[in-house]
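K.L.:
Sharing work36.cif (mmCIF, C-alpha atoms) below.
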data_structure
loop_
_atom_site.label_atom_id
_atom_site.label_comp_id
_atom_site.auth_asym_id
_atom_site.auth_seq_id
_atom_site.Cartn_x
_atom_site.Cartn_y
_atom_site.Cartn_z
CA MET A 232 0.00 0.00 0.00
CA SER A 233 2.78 2.46 0.83
CA ALA A 234 4.52 1.70 -2.49
CA MET A 235 1.30 2.51 -4.36
CA PHE A 236 0.93 5.74 -2.35
CA PHE A 237 4.53 6.65 -3.19
CA VAL A 238 4.00 6.03 -6.92
CA CYS A 239 0.77 8.06 -6.95
CA THR A 240 2.42 10.90 -5.05
CA LEU A 241 5.37 10.83 -7.44
CA LEU A 242 3.08 10.92 -10.49
CA VAL A 243 1.04 13.83 -9.10
CA GLY A 244 4.27 15.70 -8.36
CA LEU A 245 5.59 15.11 -11.89
CA MET A 246 2.32 16.17 -13.48
CA THR A 247 2.25 19.33 -11.35
CA ALA A 248 5.83 20.18 -12.30
CA MET A 249 5.10 19.59 -16.00
CA SER A 250 1.99 21.75 -15.78
CA ALA A 251 3.95 24.54 -14.06
CA GLN A 252 6.63 24.39 -16.78
CA ALA A 253 3.98 24.54 -19.51
CA GLN A 254 2.36 27.55 -17.80
CA GLU A 255 5.74 29.30 -17.50
CA ALA A 256 6.40 28.70 -21.20
CA MET A 257 2.96 30.09 -22.12
CA ASP A 258 3.48 33.11 -19.85
CA ALA A 259 6.78 33.81 -21.65
CA LYS A 260 5.02 33.58 -25.05
CA LYS A 261 2.29 35.92 -23.82
CA ALA A 262 4.89 38.46 -22.71
CA LYS A 263 6.49 38.25 -26.16
CA ALA A 264 3.08 38.77 -27.81
CA VAL A 265 2.49 41.94 -25.78
CA ALA A 266 6.01 43.16 -26.61
CA ALA A 267 5.41 42.42 -30.31
CA ALA A 268 2.15 44.40 -30.34
CA ASP A 269 3.88 47.28 -28.54
CA GLU A 270 6.69 47.25 -31.10
CA ILE A 271 4.32 47.18 -34.07
CA ILE A 272 2.16 50.03 -32.76
CA THR A 273 5.16 52.13 -31.75
CA MET A 274 6.85 51.53 -35.09
CA ARG A 275 3.73 52.52 -37.04
CA SER A 276 3.27 55.67 -34.94
CA THR A 277 6.93 56.71 -35.13
CA LEU A 278 7.23 56.13 -38.87
CA ALA A 279 3.96 57.95 -39.56
CA LYS A 280 5.09 60.96 -37.53
CA ASN A 281 8.49 60.98 -39.29
CA PHE A 282 7.28 60.53 -42.87
CA ILE A 283 3.87 62.21 -42.82
CA LYS A 284 4.11 65.93 -42.19
CA PRO A 285 1.04 68.22 -42.18
CA GLY A 286 0.22 69.38 -45.68
CA ALA A 287 2.82 67.13 -47.34
CA GLU A 288 1.86 65.05 -50.36
CA ILE A 289 1.56 61.36 -49.51
CA THR A 290 3.27 59.30 -52.17
CA GLU A 291 3.64 55.59 -52.80
CA GLU A 292 7.12 55.89 -51.33
CA THR A 293 5.66 57.38 -48.13
CA PHE A 294 3.21 54.47 -48.02
CA ARG A 295 6.07 51.94 -48.42
CA ASN A 296 8.14 53.71 -45.76
CA VAL A 297 5.33 53.52 -43.22
CA CYS A 298 2.83 50.73 -43.93
CA GLY A 299 5.25 48.62 -45.98
CA ALA A 300 7.94 48.75 -43.31
CA VAL A 301 5.46 47.81 -40.59
CA GLY A 302 4.12 44.92 -42.67
CA LYS A 303 7.64 43.63 -43.22
CA ARG A 304 8.41 43.80 -39.49
CA VAL A 305 5.17 41.98 -38.66
CA LYS A 306 6.26 39.10 -40.92
CA GLU A 307 9.71 39.00 -39.28
CA ILE A 308 8.25 38.87 -35.76
CA ALA A 309 5.73 36.19 -36.73
CA ALA A 310 8.47 34.03 -38.26
CA SER A 311 10.92 34.43 -35.37
CA GLU A 312 8.36 33.87 -32.59
CA GLY A 313 6.15 31.30 -34.28
CA PHE A 314 3.10 33.56 -33.96
CA ILE A 315 0.32 34.16 -36.42
CA ILE A 316 -0.08 37.94 -36.59
CA ARG A 317 -2.78 39.72 -38.51
CA HIS A 318 -4.53 43.03 -38.57
CA ALA A 319 -8.32 42.97 -38.43
CA ALA A 320 -10.67 45.88 -38.97
CA LEU A 321 -14.34 46.61 -39.44
CA LYS A 322 -13.49 49.43 -41.86
CA TYR A 323 -10.62 47.92 -43.83
CA ARG A 324 -8.61 49.01 -46.84
CA ASN A 325 -6.94 45.72 -47.73
CA PRO A 326 -9.49 42.86 -47.94
CA ALA A 327 -6.93 40.60 -46.21
CA ASN A 328 -7.49 42.71 -43.08
CA ALA A 329 -11.27 42.43 -43.07
CA ALA A 330 -12.65 41.19 -39.77
CA LYS A 331 -13.74 37.58 -39.99
CA PRO A 332 -17.25 36.77 -38.73
CA ALA A 333 -15.74 35.33 -35.53
CA ASP A 334 -13.88 38.64 -34.93
CA MET A 335 -16.86 40.97 -35.32
CA GLU A 336 -18.13 40.95 -31.75
CA ASP A 337 -14.68 41.64 -30.29
CA LEU A 338 -13.98 44.46 -32.74
CA LYS A 339 -17.33 46.07 -32.03
CA THR A 340 -16.50 45.90 -28.30
CA PHE A 341 -13.18 47.69 -28.90
CA GLU A 342 -15.02 50.28 -30.97
CA LYS A 343 -17.68 50.81 -28.29
CA TYR A 344 -15.20 51.15 -25.40
CA PRO A 345 -12.43 53.61 -26.34
CA ASN A 346 -10.46 52.87 -23.14
CA LEU A 347 -10.26 49.14 -23.88
CA ARG A 348 -6.62 48.60 -24.80
CA ASP A 349 -6.31 44.86 -25.24
CA LYS A 350 -7.94 41.49 -24.68
CA TRP A 351 -6.86 37.89 -24.15
CA ASP A 352 -8.95 34.81 -24.92
CA GLU A 353 -8.73 31.32 -26.33
CA VAL A 354 -9.99 30.40 -29.79
CA GLU A 355 -10.12 27.32 -31.94
CA ILE A 356 -9.41 27.72 -35.64
CA GLY A 357 -9.92 24.58 -37.61
CA LYS A 358 -8.89 21.96 -35.10
CA THR A 359 -6.07 24.01 -33.59
CA LYS A 360 -6.39 25.82 -30.26
CA TYR A 361 -4.75 29.20 -29.78
CA VAL A 362 -4.33 31.77 -27.07
CA ARG A 363 -5.28 35.05 -28.78
CA TYR A 364 -4.08 38.53 -27.92
CA GLN A 365 -5.85 41.50 -29.47
CA ARG A 366 -4.46 45.01 -29.17
CA ALA A 367 -6.48 48.05 -30.27
CA ILE A 368 -5.09 50.41 -32.89
CA ARG A 369 -6.33 53.98 -32.41
CA VAL A 370 -6.14 56.67 -35.08
CA GLU A 371 -3.46 59.33 -34.61
CA GLU A 372 -3.16 62.69 -36.38
CA ALA A 373 -0.64 61.36 -38.96
CA CYS A 374 -3.03 58.52 -39.87
CA LEU A 375 -5.54 61.02 -41.25
CA ALA A 376 -3.34 61.69 -44.28
CA CYS A 377 -4.59 58.39 -45.69
CA HIS A 378 -7.52 57.55 -43.39
CA GLY A 379 -9.18 60.97 -43.11
CA PRO A 380 -11.83 62.34 -45.49
CA LYS A 381 -12.69 60.02 -48.36
CA ASP A 382 -12.11 62.70 -51.00
CA LYS A 383 -8.62 63.53 -49.64
CA ARG A 384 -7.12 60.04 -49.90
CA PRO A 385 -3.93 59.84 -51.98
CA TRP A 386 -4.59 58.93 -55.63
CA PHE A 387 -2.63 55.66 -55.48
CA ILE A 388 -4.74 54.41 -52.56
CA VAL A 389 -7.95 55.19 -54.44
CA GLU A 390 -6.54 53.35 -57.46
CA LYS A 391 -5.04 50.36 -55.62
CA TYR A 392 -7.96 49.83 -53.21
CA PRO A 393 -11.19 50.48 -55.14
CA ASP A 394 -13.29 48.91 -52.33
CA ASP A 395 -11.55 50.91 -49.58
CA LYS A 396 -13.63 51.32 -46.42
CA ALA A 397 -10.85 52.77 -44.20
CA PHE A 398 -11.55 56.50 -44.40
CA ASP A 399 -13.45 59.26 -42.59
CA PHE A 400 -11.69 58.49 -39.31
CA LYS A 401 -11.00 61.07 -36.63
CA VAL A 402 -8.15 61.17 -34.09
CA GLY A 403 -8.82 58.61 -31.35
CA ASP A 404 -11.18 56.46 -33.42
CA PHE A 405 -10.82 52.71 -33.29
CA ARG A 406 -8.96 51.64 -36.44
CA GLY A 407 -8.71 47.88 -35.83
CA VAL A 408 -6.64 45.37 -33.88
CA ILE A 409 -3.34 43.64 -34.07
CA MET A 410 -4.21 40.03 -33.44
CA ILE A 411 -1.54 37.60 -32.27
CA LEU A 412 -2.28 33.88 -32.13
CA ILE A 413 -0.12 31.63 -29.97
CA LYS A 414 -0.49 27.90 -30.54
CA GLU A 415 -1.31 26.10 -27.30
#
Show me, as structure tokens, the structure contained in the file I just sent.
P.N.:
Amino acid sequence: MSAMFFVCTLLVGLMTAMSAQAQEAMDAKKAKAVAAADEIITMRSTLAKNFIKPGAEITEETFRNVCGAVGKRVKEIAASEGFIIRHAALKYRNPANAAKPADMEDLKTFEKYPNLRDKWDEVEIGKTKYVRYQRAIRVEEACLACHGPKDKRPWFIVEKYPDDKAFDFKVGDFRGVIMILIKE
């Protein structure tokens, strides 16, 4: 009887230790997801402020220097950390960033509550379970050069995105989320 008790105690101890290690690993991934979202948002804001000056003409080069550079960095972070990172918006420019039906409720919540910064949850996509981090993107002054009044959008955006819905924003408006999926 005491040998059986010892084996059971040992197994419970091992399972607890393994569970604690798994939780520590997930906590480290979560911290990296938050850091990645911070980096992406800070990069976008800094580049926009540096390349988009009031009254300046927004060119395709400006677009590449801001949005293109951020997109490239997102891909680098996703590859190095093993994350799936995407932008999702209710009013999107690029159809790849359109909110999926499963995202709609969350995005509407971010839109409704301007002080809501981020949100964690668990989702299942296909048969894979993920921990999901969503971080709100809010419109800044520099964003209005491309996301302000519909009739003031740069010509190349009008041409490249004929179904554009990402205009008529004001400073502070909810623009969308950076969504980071961490495989469980």
K.L.:
Which one is closest to Arg406 (chain A): A:Cys377, A:Ala266, A:Ile368, A:Ala234? Count all atoms listed in the file.
P.N.:
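Smallest distance to Arg406 (chain A) is found for A:Ile368.
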K.L.:
Take the PyMOL selection byres ((chain A and resi 323-337) around 10), run it mentally on this structure, and tell me the resulting residues as a PyMOL selection string.
P.N.:
chain A and resi 317-322+338-343+350+354+356+365+378+388-389+391-398+406-410
K.L.:
For the selection you just gave me, I'd like the residues written to a file as an mmCIF file, in the frame of the given file, keeping C-alpha atoms.
P.N.:
data_model
loop_
_atom_site.group_PDB
_atom_site.id
_atom_site.type_symbol
_atom_site.label_atom_id
_atom_site.label_comp_id
_atom_site.auth_asym_id
_atom_site.auth_seq_id
_atom_site.Cartn_x
_atom_site.Cartn_y
_atom_site.Cartn_z
ATOM 1 C CA ARG A 317 -2.780 39.720 -38.510
ATOM 2 C CA HIS A 318 -4.530 43.030 -38.570
ATOM 3 C CA ALA A 319 -8.320 42.970 -38.430
ATOM 4 C CA ALA A 320 -10.670 45.880 -38.970
ATOM 5 C CA LEU A 321 -14.340 46.610 -39.440
ATOM 6 C CA LYS A 322 -13.490 49.430 -41.860
ATOM 7 C CA LEU A 338 -13.980 44.460 -32.740
ATOM 8 C CA LYS A 339 -17.330 46.070 -32.030
ATOM 9 C CA THR A 340 -16.500 45.900 -28.300
ATOM 10 C CA PHE A 341 -13.180 47.690 -28.900
ATOM 11 C CA GLU A 342 -15.020 50.280 -30.970
ATOM 12 C CA LYS A 343 -17.680 50.810 -28.290
ATOM 13 C CA LYS A 350 -7.940 41.490 -24.680
ATOM 14 C CA VAL A 354 -9.990 30.400 -29.790
ATOM 15 C CA ILE A 356 -9.410 27.720 -35.640
ATOM 16 C CA GLN A 365 -5.850 41.500 -29.470
ATOM 17 C CA HIS A 378 -7.520 57.550 -43.390
ATOM 18 C CA ILE A 388 -4.740 54.410 -52.560
ATOM 19 C CA VAL A 389 -7.950 55.190 -54.440
ATOM 20 C CA LYS A 391 -5.040 50.360 -55.620
ATOM 21 C CA TYR A 392 -7.960 49.830 -53.210
ATOM 22 C CA PRO A 393 -11.190 50.480 -55.140
ATOM 23 C CA ASP A 394 -13.290 48.910 -52.330
ATOM 24 C CA ASP A 395 -11.550 50.910 -49.580
ATOM 25 C CA LYS A 396 -13.630 51.320 -46.420
ATOM 26 C CA ALA A 397 -10.850 52.770 -44.200
ATOM 27 C CA PHE A 398 -11.550 56.500 -44.400
ATOM 28 C CA ARG A 406 -8.960 51.640 -36.440
ATOM 29 C CA GLY A 407 -8.710 47.880 -35.830
ATOM 30 C CA VAL A 408 -6.640 45.370 -33.880
ATOM 31 C CA ILE A 409 -3.340 43.640 -34.070
ATOM 32 C CA MET A 410 -4.210 40.030 -33.440
#
K.L.:
Find the distance between CA of Ala310 (chain A) and CA of Asp352 (chain A) and write it in Å to one decimal.
P.N.:
22.0 Å
K.L.:
Using all atoms listed in the file for the distances, tell me which of A:Pro385, A:Leu412, A:Gly379, A:Arg295 is nearest to Phe400 (chain A).
P.N.:
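Distance minimum relative to Phe400 (chain A) lands on A:Gly379.
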K.L.:
So the first atom is CA of Gly357 (chain A) and the second is CA of Gly299 (chain A); what is the distance between them in Å, to one decimal place?
P.N.:
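These atoms are spaced 29.6 Å apart.
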